[in-house]
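Below: entry.cif (mmCIF, C-alpha atoms)
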data_structure
loop_
_atom_site.group_PDB
_atom_site.id
_atom_site.type_symbol
_atom_site.label_atom_id
_atom_site.label_comp_id
_atom_site.auth_asym_id
_atom_site.auth_seq_id
_atom_site.Cartn_x
_atom_site.Cartn_y
_atom_site.Cartn_z
ATOM 1 C CA MET V 7 99.731 41.179 91.145
ATOM 2 C CA PHE V 8 100.347 37.473 90.434
ATOM 3 C CA VAL V 9 102.786 38.387 87.672
ATOM 4 C CA LYS V 10 104.999 39.985 90.320
ATOM 5 C CA LEU V 11 104.621 36.991 92.615
ATOM 6 C CA TRP V 12 105.326 34.362 89.952
ATOM 7 C CA THR V 13 108.173 35.883 87.964
ATOM 8 C CA VAL V 14 111.793 35.008 88.665
ATOM 9 C CA LEU V 15 114.214 36.907 86.441
ATOM 10 C CA PRO V 16 116.492 34.593 84.422
ATOM 11 C CA ARG V 17 120.224 35.218 84.684
ATOM 12 C CA THR V 18 122.892 34.692 82.017
ATOM 13 C CA MET V 19 126.276 34.654 83.705
ATOM 14 C CA SER V 20 128.452 35.895 80.857
ATOM 15 C CA ASN V 21 130.596 37.591 83.496
ATOM 16 C CA VAL V 22 130.529 35.710 86.793
ATOM 17 C CA SER V 23 132.122 38.623 88.669
ATOM 18 C CA TRP V 24 128.924 40.633 88.198
ATOM 19 C CA TYR V 25 127.144 38.191 90.502
ATOM 20 C CA LEU V 26 129.753 37.888 93.251
ATOM 21 C CA PRO V 27 128.921 39.744 96.487
ATOM 22 C CA LYS V 28 131.202 42.634 97.359
ATOM 23 C CA ASN V 29 130.920 42.247 101.152
ATOM 24 C CA ILE V 30 129.340 40.183 103.943
ATOM 25 C CA GLU V 31 126.043 42.078 103.814
ATOM 26 C CA GLY V 32 125.874 41.530 100.077
ATOM 27 C CA ALA V 33 126.539 37.829 100.574
ATOM 28 C CA LYS V 34 123.719 37.581 103.128
ATOM 29 C CA GLU V 35 121.290 39.315 100.783
ATOM 30 C CA GLN V 36 122.318 37.120 97.853
ATOM 31 C CA LEU V 37 121.964 33.963 99.954
ATOM 32 C CA ALA V 38 118.519 35.092 101.101
ATOM 33 C CA GLN V 39 117.431 35.722 97.520
ATOM 34 C CA GLU V 40 118.717 32.335 96.365
ATOM 35 C CA GLN V 41 116.821 30.606 99.184
ATOM 36 C CA ASP V 42 113.679 32.527 98.247
ATOM 37 C CA ASN V 43 114.103 31.483 94.607
ATOM 38 C CA ILE V 44 114.453 27.843 95.684
ATOM 39 C CA ASP V 45 111.315 28.125 97.828
ATOM 40 C CA ASN V 46 109.322 29.611 94.966
ATOM 41 C CA ALA V 47 110.693 27.068 92.494
ATOM 42 C CA SER V 48 109.479 24.294 94.791
ATOM 43 C CA VAL V 49 106.007 25.857 94.722
ATOM 44 C CA GLN V 50 106.001 25.915 90.918
ATOM 45 C CA LYS V 51 107.316 22.329 90.744
ATOM 46 C CA ALA V 52 104.515 21.211 93.066
ATOM 47 C CA PHE V 53 101.969 22.759 90.698
ATOM 48 C CA VAL V 54 103.462 21.073 87.641
ATOM 49 C CA SER V 55 103.777 17.653 89.282
ATOM 50 C CA SER V 56 100.413 17.633 91.054
ATOM 51 C CA GLY V 57 98.751 15.955 88.075
ATOM 52 C CA GLU V 58 95.534 17.828 88.772
ATOM 53 C CA ASN V 59 94.000 20.348 86.411
ATOM 54 C CA LEU V 60 93.625 23.050 89.049
ATOM 55 C CA GLY V 61 93.794 26.800 88.760
ATOM 56 C CA LEU V 62 96.431 28.868 90.524
ATOM 57 C CA LEU V 63 94.223 29.833 93.475
ATOM 58 C CA ASP V 64 93.124 26.224 94.011
ATOM 59 C CA ASN V 65 96.717 25.033 93.884
ATOM 60 C CA LEU V 66 97.650 27.607 96.494
ATOM 61 C CA GLY V 67 94.591 26.779 98.579
ATOM 62 C CA ILE V 68 93.562 30.421 98.838
ATOM 63 C CA GLU V 69 90.565 32.603 98.122
ATOM 64 C CA LEU V 70 91.479 36.023 96.749
ATOM 65 C CA SER V 71 89.068 38.820 95.967
ATOM 66 C CA PRO V 72 89.373 41.109 92.959
ATOM 67 C CA ARG V 73 91.119 44.368 93.725
ATOM 68 C CA LEU V 74 88.833 46.264 96.088
ATOM 69 C CA THR V 75 87.625 49.645 94.896
ATOM 70 C CA ASP V 76 86.787 50.759 98.437
ATOM 71 C CA ILE V 77 88.904 50.030 101.506
ATOM 72 C CA PRO V 78 86.786 48.090 104.053
ATOM 73 C CA GLN V 79 86.145 50.005 107.259
ATOM 74 C CA ASP V 80 88.010 47.535 109.485
ATOM 75 C CA LEU V 81 91.120 47.899 107.345
ATOM 76 C CA LYS V 82 90.702 51.660 107.008
ATOM 77 C CA ASP V 83 90.614 51.951 110.805
ATOM 78 C CA PHE V 84 93.776 49.860 111.068
ATOM 79 C CA LEU V 85 95.619 51.774 108.338
ATOM 80 C CA GLY V 86 94.780 55.166 109.798
ATOM 81 C CA LEU V 87 96.692 57.895 107.967
ATOM 82 C CA ASN V 88 98.684 55.291 106.022
ATOM 83 C CA TRP V 89 95.821 54.477 103.635
ATOM 84 C CA HIS V 90 97.272 56.795 100.962
ATOM 85 C CA LYS V 91 100.439 54.640 100.776
ATOM 86 C CA VAL V 92 98.413 51.648 99.583
ATOM 87 C CA ASN V 93 97.914 51.184 95.835
ATOM 88 C CA GLY V 94 95.839 48.007 95.931
ATOM 89 C CA VAL V 95 93.867 45.977 98.484
ATOM 90 C CA TYR V 96 92.749 42.336 98.155
ATOM 91 C CA ARG V 97 90.830 40.205 100.623
ATOM 92 C CA LEU V 98 92.789 37.033 101.264
ATOM 93 C CA SER V 99 91.642 33.813 102.868
ATOM 94 C CA LYS V 100 93.295 30.420 103.209
ATOM 95 C CA PRO V 101 90.575 28.127 104.618
ATOM 96 C CA LEU V 102 92.982 25.594 106.140
ATOM 97 C CA LEU V 103 94.791 28.358 108.027
ATOM 98 C CA ASP V 104 91.509 30.028 108.991
ATOM 99 C CA GLU V 105 90.177 26.821 110.545
ATOM 100 C CA ARG V 106 93.464 26.126 112.306
ATOM 101 C CA PHE V 107 93.523 29.672 113.665
ATOM 102 C CA GLN V 108 89.928 29.575 114.921
ATOM 103 C CA ASN V 109 90.493 26.253 116.691
ATOM 104 C CA PHE V 110 93.645 27.592 118.300
ATOM 105 C CA VAL V 111 91.984 30.787 119.535
ATOM 106 C CA GLN V 112 88.976 28.926 120.921
ATOM 107 C CA SER V 113 91.270 26.740 123.019
ATOM 108 C CA ALA V 114 93.328 29.664 124.373
ATOM 109 C CA SER V 115 92.925 31.021 127.897
ATOM 110 C CA ASP V 116 93.015 34.580 126.515
ATOM 111 C CA GLN V 117 91.301 34.838 123.132
ATOM 112 C CA THR V 118 92.417 38.359 122.192
ATOM 113 C CA VAL V 119 93.049 38.732 118.448
ATOM 114 C CA GLU V 120 94.287 41.854 116.668
ATOM 115 C CA TYR V 121 95.298 42.971 113.196
ATOM 116 C CA ARG V 122 99.034 43.142 112.585
ATOM 117 C CA TYR V 123 101.224 43.921 109.562
ATOM 118 C CA HIS V 124 103.897 41.705 108.058
ATOM 119 C CA GLY V 125 106.013 43.097 105.227
ATOM 120 C CA THR V 126 108.035 40.936 102.850
ATOM 121 C CA LYS V 127 109.584 40.814 99.375
ATOM 122 C CA TRP V 128 107.584 39.994 96.258
ATOM 123 C CA ARG V 129 109.919 37.077 95.616
ATOM 124 C CA ASN V 130 108.632 35.451 98.839
ATOM 125 C CA GLY V 131 104.970 35.840 97.961
ATOM 126 C CA MET V 132 104.173 32.492 96.356
ATOM 127 C CA ALA V 133 105.828 30.436 99.088
ATOM 128 C CA ILE V 134 103.981 32.406 101.786
ATOM 129 C CA LEU V 135 100.641 31.979 100.022
ATOM 130 C CA GLN V 136 101.196 28.236 99.711
ATOM 131 C CA THR V 137 102.317 27.492 103.270
ATOM 132 C CA GLY V 138 101.386 30.538 105.326
ATOM 133 C CA LEU V 139 103.996 32.341 107.387
ATOM 134 C CA ARG V 140 106.486 29.916 108.886
ATOM 135 C CA ILE V 141 108.912 30.028 111.794
ATOM 136 C CA LEU V 142 112.110 28.944 110.041
ATOM 137 C CA GLY V 143 114.580 30.130 112.641
ATOM 138 C CA SER V 144 118.119 28.872 112.922
ATOM 139 C CA LYS V 145 117.350 25.855 110.699
ATOM 140 C CA SER V 146 116.996 28.171 107.717
ATOM 141 C CA ALA V 147 119.966 28.824 105.463
ATOM 142 C CA THR V 148 119.114 32.526 105.574
ATOM 143 C CA TYR V 149 118.888 32.851 109.357
ATOM 144 C CA SER V 150 120.910 35.785 110.660
ATOM 145 C CA GLY V 151 119.574 36.210 114.191
ATOM 146 C CA SER V 152 116.525 38.013 115.549
ATOM 147 C CA MET V 153 115.992 40.295 118.508
ATOM 148 C CA LEU V 154 113.427 38.130 120.301
ATOM 149 C CA GLY V 155 114.264 34.681 118.977
ATOM 150 C CA ASP V 156 112.733 32.387 116.371
ATOM 151 C CA ALA V 157 109.261 33.768 115.749
ATOM 152 C CA ILE V 158 106.872 35.391 113.304
ATOM 153 C CA TYR V 159 107.555 39.111 113.564
ATOM 154 C CA THR V 160 104.597 41.466 113.177
ATOM 155 C CA SER V 161 103.795 45.072 113.991
ATOM 156 C CA LYS V 162 100.871 47.426 114.437
ATOM 157 C CA ASP V 163 103.101 50.116 112.915
ATOM 158 C CA PHE V 164 102.635 50.249 109.137
ATOM 159 C CA ASN V 165 106.042 51.800 108.502
ATOM 160 C CA LYS V 166 107.868 49.183 110.573
ATOM 161 C CA SER V 167 106.628 46.365 108.339
ATOM 162 C CA TYR V 168 106.813 48.474 105.186
ATOM 163 C CA ASN V 169 110.554 48.886 105.735
ATOM 164 C CA TYR V 170 110.957 45.100 105.418
ATOM 165 C CA SER V 171 109.009 44.960 102.156
ATOM 166 C CA ASP V 172 109.451 46.012 98.567
ATOM 167 C CA GLY V 173 105.773 46.820 98.275
ATOM 168 C CA LEU V 174 104.149 43.553 99.416
ATOM 169 C CA MET V 175 102.364 43.681 102.770
ATOM 170 C CA PHE V 176 100.115 41.198 104.548
ATOM 171 C CA VAL V 177 97.514 42.182 107.107
ATOM 172 C CA LEU V 178 97.192 39.268 109.512
ATOM 173 C CA ASN V 179 94.675 38.375 112.161
ATOM 174 C CA VAL V 180 96.968 37.525 115.071
ATOM 175 C CA HIS V 181 96.245 35.836 118.368
ATOM 176 C CA THR V 182 98.160 38.174 120.665
ATOM 177 C CA GLY V 183 96.469 36.797 123.783
ATOM 178 C CA LYS V 184 98.178 37.988 126.939
ATOM 179 C CA PRO V 185 101.432 39.620 125.784
ATOM 180 C CA LEU V 186 104.692 39.659 127.676
ATOM 181 C CA ASN V 187 105.747 43.317 127.549
ATOM 182 C CA VAL V 188 109.484 43.759 127.131
ATOM 183 C CA THR V 189 110.388 46.952 128.995
ATOM 184 C CA LYS V 190 114.143 46.757 129.663
ATOM 185 C CA HIS V 191 117.186 45.559 127.786
ATOM 186 C CA THR V 192 117.665 42.525 130.036
ATOM 187 C CA ASP V 193 114.309 41.243 128.711
ATOM 188 C CA VAL V 194 115.610 41.324 125.127
ATOM 189 C CA ARG V 195 116.482 37.686 124.457
ATOM 190 C CA ASP V 196 115.265 34.559 122.705
ATOM 191 C CA TYR V 197 111.809 33.343 123.713
ATOM 192 C CA SER V 198 109.885 30.214 122.763
ATOM 193 C CA TRP V 199 106.273 29.065 122.770
ATOM 194 C CA ASP V 200 106.943 26.512 125.518
ATOM 195 C CA GLU V 201 108.499 29.147 127.765
ATOM 196 C CA LEU V 202 105.687 31.644 127.200
ATOM 197 C CA GLN V 203 103.096 28.991 128.048
ATOM 198 C CA LYS V 204 104.837 28.238 131.339
ATOM 199 C CA LEU V 205 104.913 31.965 132.158
ATOM 200 C CA GLY V 206 101.243 32.414 131.219
ATOM 201 C CA TYR V 207 101.790 34.539 128.090
ATOM 202 C CA HIS V 208 100.981 34.144 124.392
ATOM 203 C CA SER V 209 103.162 36.698 122.572
ATOM 204 C CA VAL V 210 105.991 39.164 123.177
ATOM 205 C CA ASN V 211 105.388 42.897 122.763
ATOM 206 C CA ALA V 212 108.096 45.552 122.384
ATOM 207 C CA ASP V 213 107.111 49.216 122.195
ATOM 208 C CA PRO V 214 109.101 52.123 120.714
ATOM 209 C CA GLY V 215 111.688 53.593 123.053
ATOM 210 C CA LEU V 216 112.903 50.230 124.342
ATOM 211 C CA TYR V 217 116.685 50.207 124.672
ATOM 212 C CA THR V 218 117.769 46.785 123.464
ATOM 213 C CA GLY V 219 121.305 46.971 124.806
ATOM 214 C CA TRP V 220 122.742 48.238 121.526
ATOM 215 C CA VAL V 221 120.061 50.421 119.908
ATOM 216 C CA THR V 222 116.780 52.052 120.871
ATOM 217 C CA LEU V 223 113.744 50.484 119.231
ATOM 218 C CA GLN V 224 112.104 53.050 116.960
ATOM 219 C CA ARG V 225 108.903 51.187 116.080
ATOM 220 C CA HIS V 226 106.578 48.594 117.580
ATOM 221 C CA GLU V 227 107.237 44.851 117.279
ATOM 222 C CA GLN V 228 105.113 41.903 118.359
ATOM 223 C CA THR V 229 106.290 38.332 118.025
ATOM 224 C CA ILE V 230 104.345 35.084 118.074
ATOM 225 C CA TYR V 231 105.934 31.683 118.548
ATOM 226 C CA ASN V 232 103.285 29.295 117.259
ATOM 227 C CA GLU V 233 102.376 29.263 113.563
ATOM 228 C CA GLN V 234 98.744 28.579 114.457
ATOM 229 C CA GLN V 235 98.483 32.057 116.000
ATOM 230 C CA GLN V 236 97.959 33.865 112.692
ATOM 231 C CA THR V 237 95.943 33.804 109.508
ATOM 232 C CA PHE V 238 95.586 36.038 106.455
ATOM 233 C CA MET V 239 93.115 38.917 106.137
ATOM 234 C CA TYR V 240 94.362 41.180 103.331
ATOM 235 C CA ILE V 241 97.167 41.648 100.824
ATOM 236 C CA LEU V 242 98.343 45.223 100.298
ATOM 237 C CA GLU V 243 100.201 46.497 97.245
ATOM 238 C CA CYS V 244 102.190 49.540 98.300
#
As structure tokens, how would this structure be written, given the file I've shared?
Amino acid sequence: MFVKLWTVLPRTMSNVSWYLPKNIEGAKEQLAQEQDNIDNASVQKAFVSSGENLGLLDNLGIELSPRLTDIPQDLKDFLGLNWHKVNGVYRLSKPLLDERFQNFVQSASDQTVEYRYHGTKWRNGMAILQTGLRILGSKSATYSGSMLGDAIYTSKDFNKSYNYSDGLMFVLNVHTGKPLNVTKHTDVRDYSWDELQKLGYHSVNADPGLYTGWVTLQRHEQTIYNEQQQTFMYILEC
């Protein structure tokens, strides 16, 4: 699994035209990939320059189990009928995030936590393992707008998150707290953590069938607006 996470394919530009995007969507995808490569390169540079003789897991600050031969019951219940789409399961813990998450939940007025999926590309894996999921938003070079604003986007629908991945999925423990349920298209807008706090909510929930004003939402989405609201539970290879 780490071979997939670590490897960045070298490119020899003997013909520059091969690497030029053909349209706007291609340009966005290429820009996103370049940003991801930069993020992962910064992770590798940090390892090389740390000056400490640490292993990969220690450098990342994570604890990762060997590949599990049996799917734990809590995960099996969450996966439901999707278990057959998973090729490998690993328990994942990042103690700094775990402690931050527990402290956050204990201080919340509603302490509800639930498993949620987050799908991503393998090229993003190392950066995510090093820092945890981040809310980059409009400050990121790859930002292209999001339905409910700058947030960490999760789902309880396996296929929703799978569609954003190329086989790498995280199962997160998420503080959903008291969710603001978006039920009509006029509710589809940018939210923030400060606003949700003032309204007495902790996350934003959008169920399938919601008409957003331009399309009808096909699968569940739940957004959180504070990075402390989530921590790792499992990595899935799909």
Using all atoms listed in the file, which protein or nucleic acid residues come within 12 Å of Phe84 of chain V? Drop anything in the same chain fewer than 3 positions from it, and give the result as a PyMOL selection string. chain V and resi 77-81+87-89+120-123+161-164+177-179+240
Grab the residues selected above and save them as a compact mmCIF listing (two decimals), in the coordinates of the input with C-alpha atoms.
# COMPACT_ATOMS: atom_id res chain seq x y z
CA ILE V 77 88.90 50.03 101.51
CA PRO V 78 86.79 48.09 104.05
CA GLN V 79 86.14 50.00 107.26
CA ASP V 80 88.01 47.54 109.48
CA LEU V 81 91.12 47.90 107.34
CA LEU V 87 96.69 57.90 107.97
CA ASN V 88 98.68 55.29 106.02
CA TRP V 89 95.82 54.48 103.64
CA GLU V 120 94.29 41.85 116.67
CA TYR V 121 95.30 42.97 113.20
CA ARG V 122 99.03 43.14 112.58
CA TYR V 123 101.22 43.92 109.56
CA SER V 161 103.80 45.07 113.99
CA LYS V 162 100.87 47.43 114.44
CA ASP V 163 103.10 50.12 112.92
CA PHE V 164 102.64 50.25 109.14
CA VAL V 177 97.51 42.18 107.11
CA LEU V 178 97.19 39.27 109.51
CA ASN V 179 94.68 38.38 112.16
CA TYR V 240 94.36 41.18 103.33
Contacts of Asp196 of chain V at 10 Å (all atoms listed in the file; same-chain gap of 3+ positions) as a ChimeraX atom specification: /V:151-157,193
Applying 9 Å and only C-alpha atoms, which residues near Tyr217 of chain V remain after dropping the ones on its own chain fewer than 2 positions away? List them as a tab-separated table (two decimals) with C-alpha atoms, in the frame of the given file.
chain	number	residue	atom	x	y	z
V	189	THR	CA	110.39	46.95	129.00
V	190	LYS	CA	114.14	46.76	129.66
V	191	HIS	CA	117.19	45.56	127.79
V	194	VAL	CA	115.61	41.32	125.13
V	214	PRO	CA	109.10	52.12	120.71
V	215	GLY	CA	111.69	53.59	123.05
V	219	GLY	CA	121.30	46.97	124.81
V	220	TRP	CA	122.74	48.24	121.53
V	221	VAL	CA	120.06	50.42	119.91
V	222	THR	CA	116.78	52.05	120.87
V	223	LEU	CA	113.74	50.48	119.23
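What separates atom CA of Arg225 of chain V from atom CA of Ala212 of chain V is a distance of 8.5 Å.
Counting all atoms listed in the file and comparing V:Leu202, V:Asn165, V:Thr192, V:Gln228, the residue that lies closest to Leu85 of chain V is V:Asn165.
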Selection in question (the file shown): the PyMOL selection byres ((chain V and resi 232-239) around 7). Which residues does it include, as an MDAnalysis selection string? chainID V and resid 97:100 103:104 106:107 110 140:141 177:181 199 230:231 240
